[in-house]
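Structure first, then comments.
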Amino acid sequence: MRPLEGIRVLDFSTLLPGPLATLMLAEAGAEVFKIERPPAGDEMRAYSPKVGRDSLAFAQLNRGKRSVALDLKQEGALKRLLPLLRSADVLLEQFRPGVMERLGLGYEAVKSINPKLIYCSLTGYGRSGPKADKAGHDLNYIAESGLLSLLLRDGGAPILPPALIADIGAGAYPAVINVLLGLQARAVGGKGCHIDISMHDNVLPFLFSAVGEGLGLQRWQRPGRELATGGSPRYNVYRTCDGHFIAAAPLEQKFWSTFCEHIGLPEVLRDDSKDPAASMAGVSRAIGAHTAEHWRQVFRGVDACVSVVATLEQALSDAHYRHRGVFSHIVASDEGAMPAAPLPIHAIFREPPEELGYPRLGEANDLLDHSE
């Protein structure tokens, strides 16, 4: 069952957030047309490393889509797009506010052509407000939302997260959620809508506890002092004697008691409410006295929420991922096949594990001058 079979999506986005959102829609059955500007198309095609003619990142993000090469500034472009605009169910764009309007493709203009269209604008700061026209990337959005200030190194400088929190968690995912809500609302009421997705806004749910305390109690969380920022011995990372790390998250008392017992923490330090810093130092000494492999064996089969920190290479070879079929989908390229990027879509809503390629620039241009 692919629940989005028969849904047509026009994707005017580039790089990561929008293309990832429409990839998820495509995996669930939607027919996605990627509108690209000739002669080079999406800038991400040129990124490194390459897999044949295009970048690996482009291949991963555009699996199963079709490409339309069209210069939207060219005279007659809108007329050529009309067949796709009339037949589309969803339009996703990622330009700064006002760009689509200047191209004649703003919501009001497109609504007059297709009033049932779900039109999603995905931007850094949203379509209104003092920052609406400001340029930015993932790092800017997490910096200005306050999230980065809670990720400080010992020396006081923020840690650069390896995950693109705003692009993916605050951009692509909310776009998909709201497009699906828009489609459901249309199924009930028969009307389309304009969805305004701001990555800057949507970083805040990742900080729900800190935001709640700050706005509700005027208590502002600090790096290294809170439960989730390194202030608790029950939720922290500890170095082993061989230079590896243990991630310990025995939050609940039953897990904490088991954890303390297995590492041999002195009784006087087990009530961490009295002196959290002293308890943390004790845990650090205990963990640091042995190797990571020692602790792997100690906690094997033990319910204490303890993990050895894995490298990415180690993690991706985990038998649990293989059992779950996380890498069962395939991207076909000029250089052969490779596992497709994992997506948070349940297997019952995706096509069977099969090879799907990614589009050559303009391979679907024949549809521009024909009706659906």
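Chain labels A, B, ... are given in the sequence in which chains occur in the structure tokens; within each chain residues are numbered consecutively from 1, and ligands are likewise numbered from 1 in the order shown.
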
Neighbouring residues of Val331 of chain A were defined as those with any atom within 10 Å, considering only C-alpha atoms; residues of the same chain fewer than 2 positions away were excluded. Please report them as a count of residues only.
20

Identify, on the basis of only C-alpha atoms, every residue whose closest approach to Val302 of chain A does not exceed 12 Å; exclude the query and any residue fewer than 3 positions from it along the same chain; express the result as a list of chain:residue names.
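Here the qualifying residues turn out to be A:Pro250, A:Lys254, A:Phe255, A:Trp256, A:Ser257, A:Thr258, A:Phe259, A:Glu261, A:His262, A:Trp295, A:Arg296, A:Gln297, A:Val298, A:Phe299, A:Cys305, A:Val306, A:Ser307.
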
Considering only C-alpha atoms, can you say which of A:Leu92, A:Leu204, A:Leu160, A:Val268 comes closest to Val179 of chain A?
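Smallest distance to Val179 of chain A is found for A:Leu92.
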
Using only C-alpha atoms, pick whichever of A:Leu151, A:Ala278, A:Ala135, A:Leu183 has the shortest atom-to-atom distance to Val9 of chain A.
A:Leu183

DSSP-assigned alpha helix (DSSP H) among segment 85-304 of chain A, expressed as JSON, numbers by chain:
{"A": [85, 86, 87, 99, 100, 101, 102, 107, 108, 109, 110, 111, 112, 113, 138, 139, 140, 141, 142, 143, 144, 173, 174, 175, 176, 177, 178, 179, 180, 181, 182, 183, 184, 185, 186, 187, 188, 189, 199, 200, 201, 202, 208, 209, 210, 211, 212, 213, 214, 215, 216, 217, 253, 254, 255, 256, 257, 258, 259, 260, 261, 262, 263, 276, 277, 278, 279, 280, 281, 282, 283, 284, 285, 286, 287, 288, 292, 293, 294, 295, 296, 297, 298]}

Identify, with DSSP run on backbone atoms, the residues in segment 28-157 of chain A assigned to strand (DSSP E or B), and express the list as a ChimeraX atom specification.
/A:31-36,50-51,54-55,66-69,90-93,118-123,152

Output N, CA and C atoms for every residue in the selection just made, as a compact mmCIF listing (two decimals), in the first residue's frame.
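File written: out18.txt
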```
# COMPACT_ATOMS: atom_id res chain seq x y z
N GLU A 31 4.15 11.05 -7.36
CA GLU A 31 4.89 11.31 -8.59
C GLU A 31 5.49 12.71 -8.44
N VAL A 32 6.82 12.77 -8.35
CA VAL A 32 7.50 14.04 -8.07
C VAL A 32 8.24 14.53 -9.30
N PHE A 33 7.93 15.76 -9.70
CA PHE A 33 8.64 16.42 -10.79
C PHE A 33 9.53 17.50 -10.20
N LYS A 34 10.80 17.37 -10.42
CA LYS A 34 11.79 18.32 -9.91
C LYS A 34 12.03 19.37 -10.99
N ILE A 35 11.70 20.63 -10.70
CA ILE A 35 11.87 21.72 -11.66
C ILE A 35 13.26 22.30 -11.47
N GLU A 36 14.11 22.19 -12.51
CA GLU A 36 15.50 22.61 -12.40
C GLU A 36 15.85 23.63 -13.47
N LYS A 50 31.27 12.31 -6.45
CA LYS A 50 30.39 12.01 -7.56
C LYS A 50 30.14 10.50 -7.66
N VAL A 51 28.98 10.17 -8.22
CA VAL A 51 28.68 8.80 -8.64
C VAL A 51 28.27 8.88 -10.10
N ASP A 54 26.64 12.85 -11.66
CA ASP A 54 26.18 13.77 -10.62
C ASP A 54 26.73 13.36 -9.25
N SER A 55 26.42 14.18 -8.26
CA SER A 55 26.94 13.90 -6.92
C SER A 55 26.18 12.77 -6.24
N ARG A 66 11.42 12.71 -11.24
CA ARG A 66 11.61 13.06 -12.64
C ARG A 66 12.04 14.52 -12.72
N SER A 67 12.84 14.85 -13.72
CA SER A 67 13.39 16.20 -13.84
C SER A 67 12.80 16.95 -15.02
N VAL A 68 12.43 18.21 -14.77
CA VAL A 68 12.01 19.14 -15.81
C VAL A 68 12.99 20.30 -15.81
N ALA A 69 13.68 20.52 -16.92
CA ALA A 69 14.63 21.62 -17.03
C ALA A 69 13.93 22.82 -17.64
N VAL A 90 0.42 18.96 -5.07
CA VAL A 90 1.31 19.61 -4.11
C VAL A 90 2.37 20.39 -4.87
N LEU A 91 2.67 21.59 -4.38
CA LEU A 91 3.81 22.35 -4.89
C LEU A 91 4.68 22.71 -3.69
N LEU A 92 5.97 22.42 -3.78
CA LEU A 92 6.89 22.78 -2.71
C LEU A 92 7.98 23.68 -3.29
N GLU A 93 8.16 24.85 -2.65
CA GLU A 93 9.20 25.78 -3.12
C GLU A 93 10.04 26.21 -1.92
N ILE A 118 -2.05 22.08 -2.70
CA ILE A 118 -1.38 22.25 -1.41
C ILE A 118 -0.03 22.88 -1.72
N TYR A 119 0.15 24.14 -1.36
CA TYR A 119 1.32 24.93 -1.74
C TYR A 119 2.17 25.11 -0.47
N CYS A 120 3.38 24.57 -0.48
CA CYS A 120 4.24 24.61 0.70
C CYS A 120 5.46 25.47 0.43
N SER A 121 5.63 26.53 1.22
CA SER A 121 6.81 27.39 1.14
C SER A 121 7.73 27.05 2.31
N LEU A 122 8.91 26.56 1.99
CA LEU A 122 9.88 26.14 3.00
C LEU A 122 11.05 27.13 2.97
N THR A 123 11.19 27.91 4.05
CA THR A 123 12.21 28.95 4.09
C THR A 123 12.95 28.91 5.41
N LEU A 152 28.09 23.72 24.45
CA LEU A 152 29.39 24.34 24.62
C LEU A 152 30.47 23.31 24.97
```

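Of the residues listed (A:Leu150, A:Met199, A:Val326, A:Ala187), A:Ala187 shows the shortest atom-to-atom separation from Asp89 of chain A; distances use only C-alpha atoms.
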